[in-house]
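Peer 1: So here's upload_37.pdb, just PDB, C-alpha atoms, pLDDT in the B column:
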ATOM      1  CA  MET A 161     -10.305  10.841  -9.315  1.00 97.00           C
ATOM      2  CA  ASN A 162      -7.339  11.522 -11.566  1.00 98.00           C
ATOM      3  CA  VAL A 163      -4.601   9.101 -10.507  1.00 98.00           C
ATOM      4  CA  LYS A 164      -1.684  11.110 -11.881  1.00 98.00           C
ATOM      5  CA  ASP A 165      -2.834  14.401 -10.376  1.00 98.00           C
ATOM      6  CA  THR A 166      -3.464  12.765  -7.018  1.00 98.00           C
ATOM      7  CA  PHE A 167      -0.033  11.140  -7.007  1.00 98.00           C
ATOM      8  CA  LEU A 168       1.678  14.428  -7.889  1.00 98.00           C
ATOM      9  CA  LYS A 169      -0.172  16.210  -5.093  1.00 98.00           C
ATOM     10  CA  LEU A 170       0.717  13.552  -2.527  1.00 98.00           C
ATOM     11  CA  THR A 171       4.402  13.621  -3.517  1.00 98.00           C
ATOM     12  CA  SER A 172       4.757  17.396  -3.556  1.00 98.00           C
ATOM     13  CA  LYS A 173       6.713  17.122  -0.276  1.00 98.00           C
ATOM     14  CA  THR A 174       8.493  14.464   1.718  1.00 98.00           C
ATOM     15  CA  TYR A 175       6.811  13.386   4.944  1.00 98.00           C
ATOM     16  CA  PRO A 176       9.138  11.899   7.571  1.00 98.00           C
ATOM     17  CA  TYR A 177       7.732  10.071  10.572  1.00 98.00           C
ATOM     18  CA  LEU A 178       5.696  12.493  12.753  1.00 98.00           C
ATOM     19  CA  TYR A 179       4.672  14.511   9.680  1.00 98.00           C
ATOM     20  CA  GLU A 180       1.881  12.097   8.730  1.00 98.00           C
ATOM     21  CA  GLU A 181      -0.862  14.424   9.896  1.00 97.00           C
ATOM     22  CA  GLU A 182       0.120  16.811   7.116  1.00 98.00           C
ATOM     23  CA  VAL A 183      -0.646  14.076   4.588  1.00 98.00           C
ATOM     24  CA  ILE A 184      -4.069  13.520   6.134  1.00 97.00           C
ATOM     25  CA  LYS A 185      -4.916  17.176   5.500  1.00 96.00           C
ATOM     26  CA  LEU A 186      -4.452  16.554   1.761  1.00 97.00           C
ATOM     27  CA  LEU A 187      -7.013  13.755   1.581  1.00 97.00           C
ATOM     28  CA  PRO A 188     -10.592  14.202   0.319  1.00 95.00           C
ATOM     29  CA  ILE A 189     -12.051  11.994   3.067  1.00 96.00           C
ATOM     30  CA  GLU A 190     -12.276  12.199   6.840  1.00 96.00           C
ATOM     31  CA  LEU A 191     -10.383   9.355   8.513  1.00 98.00           C
ATOM     32  CA  ASN A 192     -10.651   7.874  12.003  1.00 98.00           C
ATOM     33  CA  LYS A 193      -7.619   7.631  14.270  1.00 98.00           C
ATOM     34  CA  ASP A 194      -6.682   4.611  16.387  1.00 98.00           C
ATOM     35  CA  SER A 195      -5.023   4.469  19.806  1.00 97.00           C
ATOM     36  CA  VAL A 196      -1.444   4.635  18.495  1.00 97.00           C
ATOM     37  CA  GLY A 197      -1.940   7.306  15.842  1.00 98.00           C
ATOM     38  CA  ASN A 198      -2.710   5.319  12.678  1.00 98.00           C
ATOM     39  CA  TYR A 199      -5.678   6.274  10.528  1.00 98.00           C
ATOM     40  CA  PHE A 200      -8.427   4.090   9.122  1.00 98.00           C
ATOM     41  CA  TYR A 201     -11.595   4.187   7.030  1.00 98.00           C
ATOM     42  CA  MET A 202     -14.330   1.584   6.584  1.00 98.00           C
ATOM     43  CA  VAL A 203     -16.293   0.854   3.424  1.00 98.00           C
ATOM     44  CA  GLY A 204     -19.166  -1.643   3.664  1.00 98.00           C
ATOM     45  CA  ASP A 205     -18.929  -5.090   5.243  1.00 96.00           C
ATOM     46  CA  SER A 206     -15.759  -6.980   4.397  1.00 98.00           C
ATOM     47  CA  LYS A 207     -13.106  -9.368   5.680  1.00 98.00           C
ATOM     48  CA  SER A 208     -10.390  -7.549   3.715  1.00 98.00           C
ATOM     49  CA  ILE A 209      -7.925  -4.989   5.021  1.00 98.00           C
ATOM     50  CA  PHE A 210      -6.015  -2.755   2.602  1.00 99.00           C
ATOM     51  CA  THR A 211      -2.932  -0.920   3.849  1.00 99.00           C
ATOM     52  CA  CYS A 212      -0.345   1.667   2.966  1.00 99.00           C
ATOM     53  CA  HIS A 213       1.928   3.894   5.031  1.00 98.00           C
ATOM     54  CA  LEU A 214       1.873   7.665   5.219  1.00 98.00           C
ATOM     55  CA  ASP A 215       5.523   8.439   5.985  1.00 98.00           C
ATOM     56  CA  THR A 216       8.431   8.659   3.563  1.00 98.00           C
ATOM     57  CA  ALA A 217      12.030   7.498   3.984  1.00 98.00           C
ATOM     58  CA  SER A 218      13.411  10.933   4.792  1.00 97.00           C
ATOM     59  CA  THR A 219      14.700  12.683   7.896  1.00 95.00           C
ATOM     60  CA  ILE A 220      13.565  16.189   7.009  1.00 97.00           C
ATOM     61  CA  GLN A 221      10.624  17.621   5.136  1.00 98.00           C
ATOM     62  CA  GLU A 222      11.493  19.015   1.724  1.00 97.00           C
ATOM     63  CA  SER A 223       9.590  20.236  -1.312  1.00 98.00           C
ATOM     64  CA  VAL A 224       9.785  17.882  -4.293  1.00 98.00           C
ATOM     65  CA  THR A 225      10.386  19.019  -7.867  1.00 98.00           C
ATOM     66  CA  HIS A 226       8.816  16.534 -10.289  1.00 98.00           C
ATOM     67  CA  ILE A 227      10.274  15.556 -13.634  1.00 98.00           C
ATOM     68  CA  ILE A 228       7.751  13.799 -15.895  1.00 98.00           C
ATOM     69  CA  SER A 229       8.880  11.806 -18.897  1.00 97.00           C
ATOM     70  CA  ASP A 230       6.311   9.697 -20.762  1.00 96.00           C
ATOM     71  CA  ASP A 231       4.978   7.142 -18.251  1.00 98.00           C
ATOM     72  CA  TYR A 232       7.540   7.902 -15.546  1.00 98.00           C
ATOM     73  CA  ILE A 233       7.725  10.431 -12.725  1.00 98.00           C
ATOM     74  CA  LYS A 234      10.936  11.181 -10.856  1.00 98.00           C
ATOM     75  CA  THR A 235      12.509  14.177  -9.105  1.00 98.00           C
ATOM     76  CA  ASN A 236      15.193  16.638 -10.148  1.00 98.00           C
ATOM     77  CA  GLY A 237      17.658  14.633  -8.053  1.00 98.00           C
ATOM     78  CA  ASP A 238      17.591  16.821  -4.944  1.00 98.00           C
ATOM     79  CA  THR A 239      15.116  14.675  -2.978  1.00 98.00           C
ATOM     80  CA  ILE A 240      13.478  11.292  -2.906  1.00 98.00           C
ATOM     81  CA  LEU A 241      10.130  11.083  -4.688  1.00 98.00           C
ATOM     82  CA  GLY A 242       8.108   9.435  -1.938  1.00 98.00           C
ATOM     83  CA  ALA A 243       6.291   7.025  -4.252  1.00 98.00           C
ATOM     84  CA  ASP A 244       7.091   4.655  -1.402  1.00 98.00           C
ATOM     85  CA  ASP A 245       4.370   4.781  -0.327  1.00 98.00           C
ATOM     86  CA  LYS A 246       2.255   7.511  -1.883  1.00 98.00           C
ATOM     87  CA  ALA A 247       1.624   5.076  -4.742  1.00 99.00           C
ATOM     88  CA  GLY A 248      -0.118   2.789  -2.252  1.00 99.00           C
ATOM     89  CA  LEU A 249      -2.026   5.705  -0.775  1.00 98.00           C
ATOM     90  CA  THR A 250      -3.201   6.715  -4.250  1.00 99.00           C
ATOM     91  CA  ILE A 251      -4.562   3.215  -4.898  1.00 99.00           C
ATOM     92  CA  MET A 252      -6.462   3.139  -1.632  1.00 99.00           C
ATOM     93  CA  LEU A 253      -8.045   6.536  -2.246  1.00 98.00           C
ATOM     94  CA  TYR A 254      -9.132   5.319  -5.687  1.00 98.00           C
ATOM     95  CA  MET A 255     -10.674   2.167  -4.218  1.00 98.00           C
ATOM     96  CA  ILE A 256     -12.483   4.138  -1.529  1.00 98.00           C
ATOM     97  CA  GLU A 257     -13.878   6.520  -4.133  1.00 98.00           C
ATOM     98  CA  ASN A 258     -15.160   3.481  -6.029  1.00 98.00           C
ATOM     99  CA  LYS A 259     -16.723   2.056  -2.845  1.00 98.00           C
ATOM    100  CA  ILE A 260     -14.729  -1.190  -2.761  1.00 98.00           C
ATOM    101  CA  PRO A 261     -15.614  -2.845   0.574  1.00 98.00           C
ATOM    102  CA  GLY A 262     -12.807  -3.133   3.085  1.00 98.00           C
ATOM    103  CA  LEU A 263     -11.090  -1.719   6.138  1.00 98.00           C
ATOM    104  CA  TYR A 264      -8.531   0.785   4.851  1.00 98.00           C
ATOM    105  CA  TYR A 265      -5.573   1.291   7.184  1.00 98.00           C
ATOM    106  CA  PHE A 266      -3.063   4.132   6.825  1.00 98.00           C
ATOM    107  CA  PHE A 267      -0.043   3.438   9.016  1.00 98.00           C
ATOM    108  CA  ILE A 268       2.415   5.865  10.543  1.00 98.00           C
ATOM    109  CA  GLY A 269       6.132   5.283  11.007  1.00 98.00           C
ATOM    110  CA  GLU A 270       6.623   2.313   8.660  1.00 98.00           C
ATOM    111  CA  GLU A 271       9.988   3.684   7.560  1.00 98.00           C
ATOM    112  CA  SER A 272      11.008   4.008  11.225  1.00 98.00           C
ATOM    113  CA  GLY A 273      10.491   0.322  11.998  1.00 97.00           C
ATOM    114  CA  GLY A 274       6.773  -0.221  11.617  1.00 98.00           C
ATOM    115  CA  ILE A 275       5.885   1.928  14.619  1.00 98.00           C
ATOM    116  CA  GLY A 276       2.190   2.226  13.817  1.00 98.00           C
ATOM    117  CA  SER A 277       1.521  -1.331  12.699  1.00 98.00           C
ATOM    118  CA  SER A 278       3.526  -3.057  15.440  1.00 98.00           C
ATOM    119  CA  GLY A 279       1.735  -0.923  18.010  1.00 98.00           C
ATOM    120  CA  ILE A 280      -1.745  -2.094  17.022  1.00 98.00           C
ATOM    121  CA  ALA A 281      -1.312  -5.550  15.412  1.00 98.00           C
ATOM    122  CA  ASN A 282      -2.477  -7.609  18.410  1.00 96.00           C
ATOM    123  CA  ASP A 283      -5.696  -5.624  18.809  1.00 97.00           C
ATOM    124  CA  ALA A 284      -8.755  -7.898  18.874  1.00 95.00           C
ATOM    125  CA  LEU A 285     -10.244  -5.760  16.086  1.00 93.00           C
ATOM    126  CA  PHE A 286      -8.213  -7.645  13.495  1.00 97.00           C
ATOM    127  CA  SER A 287      -9.195 -11.189  14.453  1.00 93.00           C
ATOM    128  CA  LYS A 288     -12.283 -11.194  12.209  1.00 96.00           C
ATOM    129  CA  TYR A 289     -10.343 -10.427   9.005  1.00 98.00           C
ATOM    130  CA  ASP A 290      -9.223 -13.054   6.484  1.00 98.00           C
ATOM    131  CA  ARG A 291      -6.776 -11.089   4.347  1.00 98.00           C
ATOM    132  CA  MET A 292      -4.521  -8.046   4.487  1.00 98.00           C
ATOM    133  CA  ILE A 293      -3.238  -6.563   1.245  1.00 98.00           C
ATOM    134  CA  SER A 294      -0.481  -3.977   1.490  1.00 99.00           C
ATOM    135  CA  PHE A 295       0.257  -1.720  -1.474  1.00 99.00           C
ATOM    136  CA  ASP A 296       3.954  -1.133  -0.888  1.00 98.00           C
ATOM    137  CA  ARG A 297       6.123  -3.317  -3.129  1.00 98.00           C
ATOM    138  CA  ARG A 298       8.551  -2.052  -5.742  1.00 98.00           C
ATOM    139  CA  GLY A 299       8.318  -2.976  -9.404  1.00 98.00           C
ATOM    140  CA  ILE A 300       5.435  -4.302 -11.457  1.00 98.00           C
ATOM    141  CA  SER A 301       5.603  -8.052 -10.890  1.00 98.00           C
ATOM    142  CA  SER A 302       5.194  -9.167  -7.273  1.00 98.00           C
ATOM    143  CA  ILE A 303       2.612 -10.766  -5.038  1.00 98.00           C
ATOM    144  CA  ILE A 304       4.694 -11.234  -1.898  1.00 98.00           C
ATOM    145  CA  THR A 305       4.448 -14.629  -0.181  1.00 98.00           C
ATOM    146  CA  HIS A 306       7.322 -14.184   2.294  1.00 98.00           C
ATOM    147  CA  GLN A 307       8.609 -11.211   4.247  1.00 98.00           C
ATOM    148  CA  SER A 308      12.042 -11.336   5.899  1.00 97.00           C
ATOM    149  CA  GLY A 309      12.149 -15.053   5.066  1.00 98.00           C
ATOM    150  CA  ILE A 310       8.845 -15.808   6.835  1.00 98.00           C
ATOM    151  CA  ARG A 311       5.754 -16.964   4.962  1.00 98.00           C
ATOM    152  CA  CYS A 312       3.062 -14.316   5.119  1.00 98.00           C
ATOM    153  CA  CYS A 313       0.532 -15.725   2.664  1.00 98.00           C
ATOM    154  CA  SER A 314      -0.113 -19.144   1.220  1.00 98.00           C
ATOM    155  CA  GLU A 315       0.855 -20.133  -2.295  1.00 98.00           C
ATOM    156  CA  GLU A 316      -2.797 -20.946  -2.997  1.00 98.00           C
ATOM    157  CA  PHE A 317      -3.902 -17.467  -1.985  1.00 98.00           C
ATOM    158  CA  SER A 318      -1.229 -15.816  -4.109  1.00 98.00           C
ATOM    159  CA  ILE A 319      -2.224 -17.827  -7.178  1.00 98.00           C
ATOM    160  CA  ILE A 320      -5.931 -16.987  -6.827  1.00 98.00           C
ATOM    161  CA  LEU A 321      -5.034 -13.310  -6.387  1.00 98.00           C
ATOM    162  CA  GLN A 322      -2.775 -13.597  -9.435  1.00 98.00           C
ATOM    163  CA  ASP A 323      -5.708 -14.933 -11.470  1.00 98.00           C
ATOM    164  CA  GLU A 324      -8.046 -12.197 -10.230  1.00 98.00           C
ATOM    165  CA  LEU A 325      -5.586  -9.457 -11.168  1.00 98.00           C
ATOM    166  CA  LYS A 326      -4.888 -11.064 -14.541  1.00 98.00           C
ATOM    167  CA  LYS A 327      -8.618 -10.968 -15.348  1.00 98.00           C
ATOM    168  CA  ASN A 328      -8.348  -7.225 -14.802  1.00 98.00           C
ATOM    169  CA  GLY A 329      -5.275  -6.680 -16.973  1.00 98.00           C
ATOM    170  CA  ILE A 330      -2.439  -6.830 -14.405  1.00 98.00           C
ATOM    171  CA  ASN A 331       0.160  -9.618 -14.471  1.00 98.00           C
ATOM    172  CA  LEU A 332       1.756 -10.234 -11.067  1.00 98.00           C
ATOM    173  CA  TYR A 333       3.481 -13.374  -9.796  1.00 98.00           C
ATOM    174  CA  PRO A 334       4.125 -15.022  -6.415  1.00 98.00           C
ATOM    175  CA  ASP A 335       7.412 -13.691  -4.999  1.00 98.00           C
ATOM    176  CA  ASN A 336       9.163 -14.996  -1.879  1.00 98.00           C
ATOM    177  CA  SER A 337      11.734 -12.183  -1.684  1.00 98.00           C
ATOM    178  CA  GLY A 338       9.740  -9.618   0.301  1.00 98.00           C
ATOM    179  CA  ILE A 339      11.614  -7.670   2.958  1.00 97.00           C
ATOM    180  CA  TYR A 340       9.191  -5.737   5.171  1.00 98.00           C
ATOM    181  CA  THR A 341       6.053  -3.686   5.171  1.00 98.00           C
ATOM    182  CA  ASP A 342       3.308  -3.209   7.733  1.00 98.00           C
ATOM    183  CA  SER A 343       1.448  -6.422   6.881  1.00 98.00           C
ATOM    184  CA  TYR A 344       4.428  -8.340   8.321  1.00 98.00           C
ATOM    185  CA  GLU A 345       3.267  -7.361  11.799  1.00 98.00           C
ATOM    186  CA  PHE A 346      -0.048  -9.166  11.278  1.00 98.00           C
ATOM    187  CA  ILE A 347       1.269 -12.573  10.169  1.00 98.00           C
ATOM    188  CA  ASN A 348       0.291 -14.162  13.501  1.00 97.00           C
ATOM    189  CA  TYR A 349      -3.154 -12.542  13.571  1.00 97.00           C
ATOM    190  CA  ILE A 350      -4.541 -12.572  10.012  1.00 98.00           C
ATOM    191  CA  PRO A 351      -4.406 -15.742   7.841  1.00 98.00           C
ATOM    192  CA  GLU A 352      -3.312 -14.157   4.564  1.00 98.00           C
ATOM    193  CA  CYS A 353      -0.989 -11.130   4.541  1.00 98.00           C
ATOM    194  CA  THR A 354       0.622  -9.972   1.329  1.00 98.00           C
ATOM    195  CA  ASN A 355       2.174  -6.980  -0.413  1.00 98.00           C
ATOM    196  CA  ILE A 356       1.782  -6.215  -4.109  1.00 98.00           C
ATOM    197  CA  SER A 357       3.847  -4.208  -6.576  1.00 99.00           C
ATOM    198  CA  VAL A 358       2.733  -0.613  -7.057  1.00 99.00           C
ATOM    199  CA  GLY A 359       5.240   0.483  -9.686  1.00 98.00           C
ATOM    200  CA  TYR A 360       7.961   2.415  -7.914  1.00 99.00           C
ATOM    201  CA  TYR A 361      11.707   1.765  -8.223  1.00 98.00           C
ATOM    202  CA  ASN A 362      14.912   2.803  -6.403  1.00 98.00           C
ATOM    203  CA  GLU A 363      12.968   3.666  -3.266  1.00 98.00           C
ATOM    204  CA  HIS A 364      14.767   5.510  -0.440  1.00 98.00           C
ATOM    205  CA  THR A 365      17.097   7.208  -2.922  1.00 98.00           C
ATOM    206  CA  ILE A 366      17.147  10.393  -5.012  1.00 98.00           C
ATOM    207  CA  HIS A 367      16.875   8.093  -8.045  1.00 98.00           C
ATOM    208  CA  GLU A 368      13.395   6.885  -7.078  1.00 98.00           C
ATOM    209  CA  TYR A 369      10.809   6.909  -9.867  1.00 98.00           C
ATOM    210  CA  GLN A 370       7.229   5.814 -10.481  1.00 99.00           C
ATOM    211  CA  ASN A 371       5.639   4.091 -13.451  1.00 99.00           C
ATOM    212  CA  ILE A 372       2.453   6.165 -13.467  1.00 98.00           C
ATOM    213  CA  LYS A 373       0.767   4.224 -16.291  1.00 98.00           C
ATOM    214  CA  TYR A 374       1.103   1.023 -14.284  1.00 99.00           C
ATOM    215  CA  LEU A 375      -0.292   2.798 -11.227  1.00 99.00           C
ATOM    216  CA  GLU A 376      -3.318   3.947 -13.203  1.00 98.00           C
ATOM    217  CA  ASP A 377      -3.910   0.428 -14.521  1.00 98.00           C
ATOM    218  CA  LEU A 378      -3.479  -1.111 -11.066  1.00 99.00           C
ATOM    219  CA  CYS A 379      -6.020   1.296  -9.567  1.00 98.00           C
ATOM    220  CA  GLU A 380      -8.579   0.112 -12.114  1.00 98.00           C
ATOM    221  CA  ALA A 381      -7.669  -3.548 -11.620  1.00 98.00           C
ATOM    222  CA  CYS A 382      -8.015  -3.398  -7.842  1.00 98.00           C
ATOM    223  CA  CYS A 383     -11.570  -2.171  -8.278  1.00 98.00           C
ATOM    224  CA  GLY A 384     -12.349  -5.207 -10.430  1.00 98.00           C
ATOM    225  CA  VAL A 385     -10.910  -7.896  -8.124  1.00 98.00           C
ATOM    226  CA  ASN A 386     -13.428  -9.939  -6.141  1.00 97.00           C
ATOM    227  CA  TRP A 387     -11.453  -9.674  -2.908  1.00 98.00           C
ATOM    228  CA  GLU A 388     -13.984 -11.509  -0.759  1.00 96.00           C
ATOM    229  CA  SER A 389     -13.810 -14.569  -3.007  1.00 95.00           C
ATOM    230  CA  ILE A 390     -10.119 -15.143  -2.241  1.00 97.00           C
ATOM    231  CA  ILE A 391     -10.499 -17.497   0.685  1.00 94.00           C
ATOM    232  CA  PRO A 392      -7.751 -17.988   3.284  1.00 95.00           C
ATOM    233  CA  PHE A 393      -5.632 -21.151   3.219  1.00 95.00           C
ATOM    234  CA  ARG A 394      -2.855 -20.363   5.692  1.00 95.00           C
ATOM    235  CA  ILE A 395      -3.463 -21.545   9.250  1.00 91.00           C
ATOM    236  CA  ILE A 396      -2.429 -19.309  12.143  1.00 90.00           C
TER     237      ILE A 396
END
Turn the structure described in the file into structure tokens.

Peer 2:
Amino acid sequence: MNVKDTFLKLTSKTYPYLYEEEVIKLLPIELNKDSVGNYFYMVGDSKSIFTCHLDTASTIQESVTHIISDDYIKTNGDTILGADDKAGLTIMLYMIENKIPGLYYFFIGEESGGIGSSGIANDALFSKYDRMISFDRRGISSIITHQSGIRCCSEEFSIILQDELKKNGINLYPDNSGIYTDSYEFINYIPECTNISVGYYNEHTIHEYQNIKYLEDLCEACCGVNWESIIPFRII
């Protein structure tokens, strides 16, 4: 899978809430659908959940004109880019292609208040999982330990994940300044819930851009991490 080409395809339009099914039609795999309209895909036997969201922070659907400059992708200034969260979606597709074990969850309506994740979080399905990793944080530096001021993963977990990523060429650091993504809804149900930087900036604005080189490197790194070895420390 070519990361750059996939990202460009996924960001060719904006996808407001209720347009998520159009994104699904672009994917090379057949996903399952849960009771509230989210999509999921299982690879192997794992206690890890990987998440992204399918919608973009827009009220109407528009075509996107890409401007590519060196390692950065932005728009012509007429629309948002939608790297939030097509960058996360790109990573998950790459991991699935490389058969990394996990439950892959693709949420709807994150930009409209976490509609998909809040609607399913207390399902008994999730009680057997130890860790949830969302790919939906700006920048190139964060392993989120707190969302909206509430601890979502332990410091110990974040440091072990930091070491695993560093072994694979990515330097991220524990960050307590997270705001919100879907993994927030699972804090009371899954011991370790985090969100890691996927390389976008200025999300929700026409100035949004993506560091595509970082995204390529992160895709490779996430396939090298021993996710199952990162044991939970936080007690719920």

Peer 1: Apply the PyMOL selection byres ((chain A and resi 235-248) around 9) to the displayed file and report the matching residues as a PyMOL selection string.

Peer 2: chain A and resi 167+170-175+211-218+222-228+233-234+249-253+294-298+358-361+363-370+372+375

Peer 1: Could the residues of stretch 328-390 of chain A that have an atom at most 9 Å from stretch 257-264 of chain A be listed as a tab-separated table, each with its closest atom pair and the distance in Å to one decimal, counting all atoms listed in the file and ordered by chain and ascending residue number?

Peer 2:
residue	atom	partner	partner_atom	distance
A:Cys382	CA	A:Ile260	CA	8.7
A:Cys383	CA	A:Ile260	CA	6.4
A:Gly384	CA	A:Ile260	CA	9.0
A:Trp387	CA	A:Pro261	CA	8.7
A:Glu388	CA	A:Pro261	CA	8.9

Peer 1: Name the residues that the PyMOL selection byres ((chain A and resi 321-332) around 10) picks from the file above, as a VMD selection string, using the file's chain letters and numbers.

Peer 2: chain A and resid 299 to 304 315 to 320 333 to 335 356 to 357 374 377 to 378 380 to 387 389 to 391

Peer 1: Keeping C-alpha atoms for every residue in the selection just given, could you write it to a file as a CSV table (one decimal), in the frame of the given file?

Peer 2:
chain,number,residue,atom,x,y,z
A,299,GLY,CA,8.3,-3.0,-9.4
A,300,ILE,CA,5.4,-4.3,-11.5
A,301,SER,CA,5.6,-8.1,-10.9
A,302,SER,CA,5.2,-9.2,-7.3
A,303,ILE,CA,2.6,-10.8,-5.0
A,304,ILE,CA,4.7,-11.2,-1.9
A,315,GLU,CA,0.9,-20.1,-2.3
A,316,GLU,CA,-2.8,-20.9,-3.0
A,317,PHE,CA,-3.9,-17.5,-2.0
A,318,SER,CA,-1.2,-15.8,-4.1
A,319,ILE,CA,-2.2,-17.8,-7.2
A,320,ILE,CA,-5.9,-17.0,-6.8
A,333,TYR,CA,3.5,-13.4,-9.8
A,334,PRO,CA,4.1,-15.0,-6.4
A,335,ASP,CA,7.4,-13.7,-5.0
A,356,ILE,CA,1.8,-6.2,-4.1
A,357,SER,CA,3.8,-4.2,-6.6
A,374,TYR,CA,1.1,1.0,-14.3
A,377,ASP,CA,-3.9,0.4,-14.5
A,378,LEU,CA,-3.5,-1.1,-11.1
A,380,GLU,CA,-8.6,0.1,-12.1
A,381,ALA,CA,-7.7,-3.5,-11.6
A,382,CYS,CA,-8.0,-3.4,-7.8
A,383,CYS,CA,-11.6,-2.2,-8.3
A,384,GLY,CA,-12.3,-5.2,-10.4
A,385,VAL,CA,-10.9,-7.9,-8.1
A,386,ASN,CA,-13.4,-9.9,-6.1
A,387,TRP,CA,-11.5,-9.7,-2.9
A,389,SER,CA,-13.8,-14.6,-3.0
A,390,ILE,CA,-10.1,-15.1,-2.2
A,391,ILE,CA,-10.5,-17.5,0.7

Peer 1: How would you write, as a list in words, the residues chosen by the PyMOL selection byres ((chain A and resi 182-194) around 9) on this structure?

Peer 2: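 Applying the PyMOL selection byres ((chain A and resi 182-194) around 9) to the structure shown produces Lys169, Leu170, Tyr175, Tyr179, Glu180, Glu181, Ser195, Val196, Gly197, Asn198, Tyr199, Phe200, Tyr201, Met202, Leu214, Asp215, Leu253 and Ile280 of chain A.
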
Peer 1: In Å, rounded to a single decimal, give me how far atom CA of A:Ile256 is from atom CA of A:Ser287.

Peer 2: 22.4 Å

Peer 1: Grab the atom CA of A:Ser277 to atom CA of A:Ser343 distance for me, in Å with one decimal place.

Peer 2: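 Computing it gives 7.7 Å between the two atoms.
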
Peer 1: Could you write stretch 364-379 of chain A of the block just shown to a file containing N, CA and C atoms, as a PDB file, in the first residue's frame?

Peer 2:
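File written: decode.pdb
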ATOM      1  N   HIS A 364      -9.465  21.380  11.489  1.00  0.00           N
ATOM      2  CA  HIS A 364     -10.754  22.088  11.499  1.00  0.00           C
ATOM      3  C   HIS A 364     -10.688  23.443  10.802  1.00  0.00           C
ATOM      4  N   THR A 365      -9.600  23.740  10.135  1.00  0.00           N
ATOM      5  CA  THR A 365      -9.469  25.021   9.446  1.00  0.00           C
ATOM      6  C   THR A 365      -9.004  24.800   8.013  1.00  0.00           C
ATOM      7  N   ILE A 366      -9.128  25.848   7.187  1.00  0.00           N
ATOM      8  CA  ILE A 366      -8.657  25.763   5.798  1.00  0.00           C
ATOM      9  C   ILE A 366      -7.135  25.782   5.726  1.00  0.00           C
ATOM     10  N   HIS A 367      -6.484  25.975   6.871  1.00  0.00           N
ATOM     11  CA  HIS A 367      -5.017  25.976   6.925  1.00  0.00           C
ATOM     12  C   HIS A 367      -4.461  24.619   7.365  1.00  0.00           C
ATOM     13  N   GLU A 368      -5.305  23.631   7.460  1.00  0.00           N
ATOM     14  CA  GLU A 368      -4.874  22.287   7.863  1.00  0.00           C
ATOM     15  C   GLU A 368      -3.836  21.731   6.878  1.00  0.00           C
ATOM     16  N   TYR A 369      -2.830  21.039   7.427  1.00  0.00           N
ATOM     17  CA  TYR A 369      -1.857  20.373   6.562  1.00  0.00           C
ATOM     18  C   TYR A 369      -1.344  19.106   7.232  1.00  0.00           C
ATOM     19  N   GLN A 370      -0.765  18.236   6.410  1.00  0.00           N
ATOM     20  CA  GLN A 370      -0.280  16.936   6.867  1.00  0.00           C
ATOM     21  C   GLN A 370       1.183  16.765   6.522  1.00  0.00           C
ATOM     22  N   ASN A 371       1.960  16.318   7.512  1.00  0.00           N
ATOM     23  CA  ASN A 371       3.335  15.896   7.285  1.00  0.00           C
ATOM     24  C   ASN A 371       3.281  14.459   6.777  1.00  0.00           C
ATOM     25  N   ILE A 372       3.397  14.277   5.470  1.00  0.00           N
ATOM     26  CA  ILE A 372       3.193  12.956   4.878  1.00  0.00           C
ATOM     27  C   ILE A 372       4.398  12.035   5.122  1.00  0.00           C
ATOM     28  N   LYS A 373       5.591  12.598   5.231  1.00  0.00           N
ATOM     29  CA  LYS A 373       6.766  11.775   5.533  1.00  0.00           C
ATOM     30  C   LYS A 373       6.638  11.156   6.922  1.00  0.00           C
ATOM     31  N   TYR A 374       6.190  11.952   7.882  1.00  0.00           N
ATOM     32  CA  TYR A 374       5.967  11.424   9.224  1.00  0.00           C
ATOM     33  C   TYR A 374       4.904  10.332   9.198  1.00  0.00           C
ATOM     34  N   LEU A 375       3.838  10.544   8.432  1.00  0.00           N
ATOM     35  CA  LEU A 375       2.781   9.544   8.353  1.00  0.00           C
ATOM     36  C   LEU A 375       3.305   8.232   7.781  1.00  0.00           C
ATOM     37  N   GLU A 376       4.126   8.321   6.773  1.00  0.00           N
ATOM     38  CA  GLU A 376       4.738   7.112   6.199  1.00  0.00           C
ATOM     39  C   GLU A 376       5.591   6.388   7.230  1.00  0.00           C
ATOM     40  N   ASP A 377       6.404   7.151   7.961  1.00  0.00           N
ATOM     41  CA  ASP A 377       7.277   6.550   8.976  1.00  0.00           C
ATOM     42  C   ASP A 377       6.465   5.935  10.116  1.00  0.00           C
ATOM     43  N   LEU A 378       5.377   6.614  10.506  1.00  0.00           N
ATOM     44  CA  LEU A 378       4.552   6.108  11.596  1.00  0.00           C
ATOM     45  C   LEU A 378       3.840   4.816  11.193  1.00  0.00           C
ATOM     46  N   CYS A 379       3.394   4.739   9.951  1.00  0.00           N
ATOM     47  CA  CYS A 379       2.785   3.495   9.463  1.00  0.00           C
ATOM     48  C   CYS A 379       3.750   2.323   9.640  1.00  0.00           C
TER      49      CYS A 379
END
